[in-house]
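S.K.: CSV, C-alpha atoms, file coords05.csv:
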chain,number,residue,atom,x,y,z
F,18,MET,CA,36.5,3.7,47.4
F,19,PRO,CA,38.0,0.9,49.6
F,20,ALA,CA,35.5,-1.7,48.3
F,21,ALA,CA,36.4,-0.9,44.7
F,22,THR,CA,40.2,-1.1,45.2
F,23,ALA,CA,39.9,-4.4,47.0
F,24,ALA,CA,38.5,-6.2,44.0
F,25,SER,CA,39.4,-6.6,40.4
F,26,ALA,CA,37.2,-5.1,37.7
F,27,ALA,CA,35.7,-8.5,37.0
F,28,GLU,CA,34.6,-8.9,40.7
F,29,LEU,CA,33.2,-5.4,41.0
F,30,ASP,CA,29.5,-4.8,40.7
F,31,ARG,CA,28.8,-1.1,40.2
F,32,ILE,CA,25.5,0.7,39.8
F,33,GLU,CA,25.2,4.4,39.0
F,34,MET,CA,22.0,6.4,39.5
F,35,ARG,CA,21.1,10.0,38.9
F,36,ILE,CA,18.0,11.5,40.5
F,37,GLU,CA,16.6,14.9,39.5
F,38,MET,CA,14.6,16.8,42.2
F,39,PHE,CA,11.9,19.3,41.6
F,40,GLY,CA,10.1,21.7,43.9
F,41,PHE,CA,7.1,24.1,43.8
F,42,GLY,CA,5.8,24.7,40.3
F,43,GLY,CA,8.1,22.1,38.9
F,44,ALA,CA,11.3,24.1,39.5
F,45,HIS,CA,14.4,22.0,39.2
F,46,VAL,CA,16.1,22.3,42.6
F,47,ALA,CA,18.8,19.6,42.8
F,48,THR,CA,20.6,16.7,41.2
F,49,ASN,CA,21.6,13.6,43.2
F,50,ARG,CA,24.2,11.1,42.0
F,51,THR,CA,24.6,7.8,43.8
F,52,VAL,CA,27.1,5.0,43.1
F,53,VAL,CA,26.6,1.6,44.8
F,54,GLU,CA,29.5,-0.9,44.6
F,55,GLU,CA,29.4,-4.5,45.8
F,56,ALA,CA,32.5,-6.8,45.9
F,57,ALA,CA,32.7,-10.1,47.7
F,58,ASP,CA,31.7,-9.4,51.3
F,59,ARG,CA,32.0,-5.6,51.1
F,60,TYR,CA,29.8,-2.7,49.8
F,61,ALA,CA,30.5,1.0,49.3
F,62,ILE,CA,28.0,3.8,48.6
F,63,THR,CA,28.7,7.4,47.6
F,64,THR,CA,26.2,10.1,47.1
F,65,ASP,CA,26.7,13.6,45.8
F,66,ALA,CA,24.0,16.3,45.6
F,67,GLU,CA,24.1,19.8,44.2
F,68,SER,CA,21.4,22.5,44.2
F,69,ARG,CA,20.1,23.6,40.7
F,70,GLY,CA,18.3,26.6,39.2
F,71,ILE,CA,16.8,29.2,41.6
F,72,ALA,CA,17.6,26.9,44.5
F,73,ALA,CA,21.3,27.3,43.8
F,74,VAL,CA,20.9,31.0,44.1
F,75,LEU,CA,18.7,31.1,47.2
F,76,VAL,CA,20.3,28.1,49.1
F,77,PRO,CA,23.6,27.1,47.4
F,78,LEU,CA,24.2,23.6,48.5
F,79,THR,CA,26.6,20.8,47.7
F,80,SER,CA,27.0,17.6,49.7
F,81,HIS,CA,29.1,14.4,49.6
F,82,SER,CA,28.6,11.3,51.7
F,83,GLU,CA,30.1,7.8,51.6
F,84,VAL,CA,30.0,4.6,53.5
F,85,VAL,CA,31.9,1.4,53.4
F,86,GLY,CA,30.6,-1.8,55.1
F,87,ARG,CA,30.4,-5.5,55.2
F,88,LEU,CA,27.9,-7.4,53.2
F,89,GLY,CA,26.5,-10.9,54.2
F,90,PRO,CA,23.7,-13.1,52.9
F,91,ASP,CA,21.3,-11.8,55.6
F,92,ALA,CA,23.0,-8.8,57.0
F,93,VAL,CA,24.4,-5.4,56.0
F,94,ARG,CA,26.8,-3.7,58.5
F,95,PRO,CA,28.5,-0.3,58.0
F,96,LEU,CA,32.1,0.1,59.0
F,97,THR,CA,32.8,3.8,58.4
F,98,TYR,CA,30.6,6.7,57.3
F,99,ARG,CA,31.8,10.2,56.3
F,100,GLY,CA,29.7,13.2,55.1
F,101,GLU,CA,30.3,16.8,54.0
F,102,VAL,CA,27.7,19.5,53.4
F,103,HIS,CA,28.5,23.0,52.1
F,104,ARG,CA,25.5,25.2,52.5
F,105,ASN,CA,25.3,29.0,52.3
F,106,GLY,CA,29.0,29.3,52.9
F,107,VAL,CA,29.0,27.0,56.0
F,108,ASP,CA,30.9,23.7,55.9
F,109,THR,CA,29.7,20.8,58.1
F,110,ARG,CA,31.5,17.5,58.4
F,111,SER,CA,30.3,14.3,60.0
F,112,ARG,CA,31.9,11.0,60.8
F,113,VAL,CA,30.6,7.7,62.2
F,114,ASP,CA,32.6,4.6,63.0
F,115,TYR,CA,31.2,1.1,63.8
F,116,ALA,CA,33.1,-1.3,66.1
F,117,ALA,CA,32.8,-5.1,65.8
F,118,ASP,CA,31.2,-5.2,69.3
F,119,GLY,CA,28.3,-3.0,68.2
F,120,THR,CA,29.7,0.2,69.6
F,121,VAL,CA,29.1,3.3,67.5
F,122,THR,CA,31.0,6.5,67.8
F,123,GLY,CA,30.6,9.7,65.8
F,124,ASP,CA,30.4,13.4,65.7
F,125,SER,CA,29.9,16.5,63.6
F,126,THR,CA,31.8,19.7,63.1
F,127,PRO,CA,31.0,22.4,63.9
F,128,PRO,CA,29.3,20.9,66.9
F,129,GLY,CA,25.7,21.9,67.5
F,130,ARG,CA,23.8,22.4,70.8
F,131,PRO,CA,20.6,20.5,70.3
F,132,PRO,CA,17.9,20.5,73.0
F,133,THR,CA,18.2,16.7,73.1
F,134,PRO,CA,21.8,15.5,72.7
F,135,VAL,CA,22.7,12.1,71.2
F,136,THR,CA,24.0,9.7,73.9
F,137,PRO,CA,26.3,6.7,73.3
F,138,ALA,CA,23.4,4.4,74.2
F,139,LEU,CA,21.3,6.0,71.4
F,140,MET,CA,24.1,5.5,68.9
F,141,ARG,CA,24.4,1.8,69.5
F,142,GLY,CA,22.7,-0.5,66.9
F,143,THR,CA,22.3,2.3,64.3
F,144,VAL,CA,23.4,2.6,60.7
F,145,ASP,CA,24.0,5.6,58.5
F,146,GLN,CA,21.3,7.0,56.2
F,147,LEU,CA,22.9,5.5,53.0
F,148,THR,CA,23.0,2.0,54.5
F,149,ALA,CA,19.4,2.5,55.7
F,150,LEU,CA,18.1,2.9,52.2
F,151,PHE,CA,20.4,0.2,50.8
F,152,MET,CA,18.9,-2.2,53.4
F,153,ILE,CA,15.3,-1.3,52.3
F,154,GLU,CA,16.2,-1.8,48.6
F,155,ARG,CA,17.7,-5.2,49.3
F,156,GLN,CA,14.7,-6.2,51.5
F,157,LEU,CA,12.3,-5.2,48.8
F,158,ALA,CA,14.1,-7.3,46.3
F,159,ALA,CA,14.3,-10.3,48.6
F,160,ARG,CA,10.9,-10.2,50.3
F,161,GLY,CA,8.7,-7.9,48.4
F,162,SER,CA,8.1,-5.7,51.4
F,163,CYS,CA,9.7,-2.6,52.9
F,164,ALA,CA,7.9,-2.8,56.2
F,165,GLY,CA,10.2,-2.2,59.2
F,166,VAL,CA,12.1,0.4,61.3
F,167,VAL,CA,15.7,1.4,60.7
F,168,ALA,CA,17.7,3.1,63.5
F,169,VAL,CA,19.9,5.9,62.0
F,170,PHE,CA,22.7,8.1,63.3
F,171,ASP,CA,24.3,10.5,60.8
F,172,GLY,CA,27.0,11.9,63.1
F,173,ARG,CA,24.8,14.6,64.5
F,174,ARG,CA,21.2,13.4,64.5
F,175,ARG,CA,19.6,10.3,65.8
F,176,TYR,CA,16.3,9.1,64.3
F,177,ASP,CA,14.2,6.1,63.3
F,178,LEU,CA,12.9,5.6,59.8
F,179,HIS,CA,9.6,3.8,59.7
F,180,PHE,CA,8.7,2.1,56.4
F,181,THR,CA,5.3,0.7,55.5
F,182,ASP,CA,4.0,-0.9,52.4
F,183,ALA,CA,1.5,0.8,50.2
F,184,ALA,CA,-0.6,-0.5,47.2
F,185,PRO,CA,1.5,-1.1,44.1
F,186,GLU,CA,1.1,1.5,41.3
F,187,ALA,CA,2.0,1.7,37.7
F,188,ILE,CA,3.7,5.0,36.9
F,189,THR,CA,5.2,6.7,33.8
F,190,ALA,CA,8.7,8.0,34.5
F,191,ALA,CA,9.3,11.7,33.8
F,192,GLY,CA,11.4,12.8,30.8
F,193,LYS,CA,11.3,12.5,27.1
F,194,ARG,CA,12.3,8.8,27.2
F,195,GLY,CA,9.7,7.8,29.8
F,196,PHE,CA,8.7,4.3,30.5
F,197,ALA,CA,5.8,2.6,32.2
F,198,ALA,CA,6.7,0.1,34.9
F,199,PRO,CA,4.9,-1.6,37.8
F,200,THR,CA,6.2,-0.4,41.1
F,201,GLN,CA,6.2,-1.3,44.8
F,202,VAL,CA,5.4,1.7,46.9
F,203,CYS,CA,6.7,2.5,50.4
F,204,HIS,CA,5.7,5.2,52.9
F,205,MET,CA,8.5,6.6,55.0
F,206,GLN,CA,8.1,8.5,58.3
F,207,ARG,CA,11.0,9.9,60.2
F,208,GLU,CA,10.8,9.9,64.0
F,209,ALA,CA,13.3,12.4,65.4
F,210,LEU,CA,14.9,11.2,68.7
F,211,ALA,CA,17.9,13.5,69.4
F,212,GLY,CA,20.4,15.9,67.8
F,213,PHE,CA,17.9,18.0,66.0
F,214,ARG,CA,17.7,21.8,66.3
F,215,ASP,CA,14.0,21.3,67.2
F,216,ASP,CA,12.8,18.2,69.0
F,217,ALA,CA,10.2,17.5,66.3
F,218,GLY,CA,12.8,17.6,63.5
F,219,LEU,CA,10.6,19.4,61.1
F,220,SER,CA,13.1,22.1,60.3
F,221,GLU,CA,15.8,19.7,59.0
F,222,GLY,CA,15.5,17.5,55.9
F,223,ALA,CA,12.8,15.0,54.8
F,224,HIS,CA,10.6,14.0,57.6
F,225,ALA,CA,8.0,12.1,55.6
F,226,GLY,CA,7.9,10.6,52.1
F,227,LYS,CA,6.6,8.2,49.5
F,228,LEU,CA,8.9,6.1,47.4
F,229,TRP,CA,8.2,4.1,44.2
F,230,TYR,CA,10.6,1.2,43.5
F,231,ALA,CA,10.9,-0.9,40.4
F,232,ARG,CA,12.9,-4.0,39.5
F,233,LEU,CA,15.0,-2.5,36.7
F,234,LEU,CA,18.1,-4.5,37.2
F,235,PRO,CA,18.8,-8.2,37.8
F,236,GLY,CA,20.0,-9.1,41.3
F,237,ASP,CA,19.5,-8.0,44.8
F,238,LEU,CA,18.3,-4.4,44.6
F,239,MET,CA,15.1,-2.5,43.8
F,240,ILE,CA,15.7,0.9,42.2
F,241,PRO,CA,13.9,4.1,43.3
F,242,VAL,CA,12.2,5.6,40.2
F,243,GLN,CA,10.1,8.3,41.9
F,244,MET,CA,9.9,9.9,45.3
F,245,GLN,CA,8.0,12.6,47.2
F,246,PHE,CA,9.3,14.2,50.4
F,247,SER,CA,8.0,16.7,52.9
F,248,THR,CA,10.8,19.0,53.9
F,249,GLU,CA,11.3,22.4,55.6
F,250,PHE,CA,11.1,23.9,52.1
F,251,GLY,CA,7.8,22.2,51.2
F,252,GLU,CA,7.1,19.2,49.0
F,253,VAL,CA,9.9,18.0,46.6
F,254,THR,CA,9.6,15.3,44.0
F,255,GLY,CA,12.4,13.2,42.6
F,256,TYR,CA,12.6,11.2,39.4
F,257,LEU,CA,15.1,8.7,38.2
F,258,GLY,CA,17.0,10.4,35.4
F,259,GLU,CA,19.6,7.8,34.5
F,260,LEU,CA,20.6,4.3,35.6
F,261,ARG,CA,23.6,2.3,34.6
F,262,GLY,CA,24.8,-1.1,35.7
F,263,ARG,CA,24.5,-4.9,35.4
F,264,GLY,CA,24.2,-4.6,31.6
F,265,VAL,CA,21.5,-1.9,31.7
F,266,HIS,CA,21.7,1.7,30.7
F,267,LEU,CA,18.5,3.8,31.0
F,268,LEU,CA,18.6,7.5,30.0
F,269,LEU,CA,15.3,9.0,31.0
F,270,MET,CA,16.1,12.6,31.5
F,271,GLU,CA,18.9,14.7,30.0
Represent the structure contained in this file as structure tokens.
M.R.:
Amino acid sequence: MPAATAASAAELDRIEMRIEMFGFGGAHVATNRTVVEEAADRYAITTDAESRGIAAVLVPLTSHSEVVGRLGPDAVRPLTYRGEVHRNGVDTRSRVDYAADGTVTGDSTPPGRPPTPVTPALMRGTVDQLTALFMIERQLAARGSCAGVVAVFDGRRRYDLHFTDAAPEAITAAGKRGFAAPTQVCHMQREALAGFRDDAGLSEGAHAGKLWYARLLPGDLMIPVQMQFSTEFGEVTGYLGELRGRGVHLLLME
């Protein structure tokens, strides 16, 4: 990644997370691996997901997405975002570029024909979905609250993510090496604005959710340890399986 090659190993701050996702009846449906790198005034995030178990048979899916951006004391600004999804034999690629004047350009191939297209005006002022979650994790660490709205454009779809604070909870992580930790809880609601196959956006991805965050590392990020999402396939639940970085290595699920 560009952020990594621009800094020496001593300057690079790298965090690796593995999330295991489960569906109806506790079936293992996907593995998500995310790497967050910070170096000087830059950040880079990559996420790879792959379907597992029966889900890999019914809906074979792999995806890769990455963003590089600028990092300041009070601001996070993406520069370039790229995404690839391979689902049921169909390949989809997305790109978004962010100009210094705030102009955002992007597209997705193959192009869709949504009932409500994304206009240049709707793209302006948005971030990608990886940066959106990164912003919330930093905000939680700094302010103790996730409350806010983040405008997102992923190259095809335009939506707002509404985050609200919920009562803190103590949870026990899944896995043989579970741990109990106090968490800060956030509710997420996605408001579909344009680019979706249906205007409500209920047939594409997670449209609502609940996320549990814990301070497992020193520094500027809270870590998601558990999550529940409402999707077109029903309810799915994710658990932190492994975390590595900043002198910490937690192996919670094999």
S.K.: Excluding Trp229 of chain F and residues on its chain fewer than 2 positions from it, collect all residues at most 8 Å away from it, counting all atoms listed in the file, and give them as a PDB file with C-alpha atoms, in the frame of the given file.
M.R.:
ATOM      1  CA  THR F 200       6.200  -0.400  41.100  1.00  0.00           C
ATOM      2  CA  GLN F 201       6.200  -1.300  44.800  1.00  0.00           C
ATOM      3  CA  VAL F 202       5.400   1.700  46.900  1.00  0.00           C
ATOM      4  CA  CYS F 203       6.700   2.500  50.400  1.00  0.00           C
ATOM      5  CA  LYS F 227       6.600   8.200  49.500  1.00  0.00           C
ATOM      6  CA  ALA F 231      10.900  -0.900  40.400  1.00  0.00           C
ATOM      7  CA  PRO F 241      13.900   4.100  43.300  1.00  0.00           C
ATOM      8  CA  VAL F 242      12.200   5.600  40.200  1.00  0.00           C
ATOM      9  CA  GLN F 243      10.100   8.300  41.900  1.00  0.00           C
ATOM     10  CA  MET F 244       9.900   9.900  45.300  1.00  0.00           C
TER      11      MET F 244
END
S.K.: Please indicate the distance in Å from atom CA of Ser125 of chain F to atom CA of Arg50 of chain F, rounded to one decimal place.
M.R.: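 Answer for the atom CA of Ser125 of chain F to atom CA of Arg50 of chain F separation: 23.0 Å.
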S.K.: Using only C-alpha atoms, which residues sit within 9 Å of Arg94 of chain F once same-chain residues fewer than 6 positions away are excluded, as a ChimeraX atom specification?
M.R.: /F:85-88,115,144,148
S.K.: Quick one: pull the distance between atom CA of Gly262 of chain F and atom CA of Ala56 of chain F, Å, one decimal.
M.R.: 14.0 Å
S.K.: When you count all atoms listed in the file, which of these residues is closest to Ile188 of chain F: F:Asp215, F:Tyr256, F:Asp145, F:Leu139?
M.R.: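 Distance minimum relative to Ile188 of chain F lands on F:Tyr256.
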S.K.: Would you mind telling me which residue in F:His179, F:Arg31, F:Arg232, F:Arg173 lies nearest to Thr136 of chain F when using all atoms listed in the file?
M.R.: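 Looking only at the distances to Thr136 of chain F, the closest residue turns out to be F:Arg173.
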S.K.: Enter the distance from atom CA of Gly42 of chain F to atom CA of Gly258 of chain F, in Å, rounded to one decimal.
M.R.: 18.8 Å
S.K.: Considering all atoms listed in the file, state which residue in the set F:Glu271, F:Glu186, F:Asp118, F:Glu154 is at the smallest distance from Asp237 of chain F.
M.R.: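 With all atoms listed in the file as the atom set, the closest residue is F:Glu154.
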S.K.: Can you pull out every residue within 8 Å of segment 100-107 of chain F, counting only C-alpha atoms, but drop anything in the same chain fewer than 2 positions away, and send it as a ChimeraX atom specification?
M.R.: /F:76-83,98,109-112
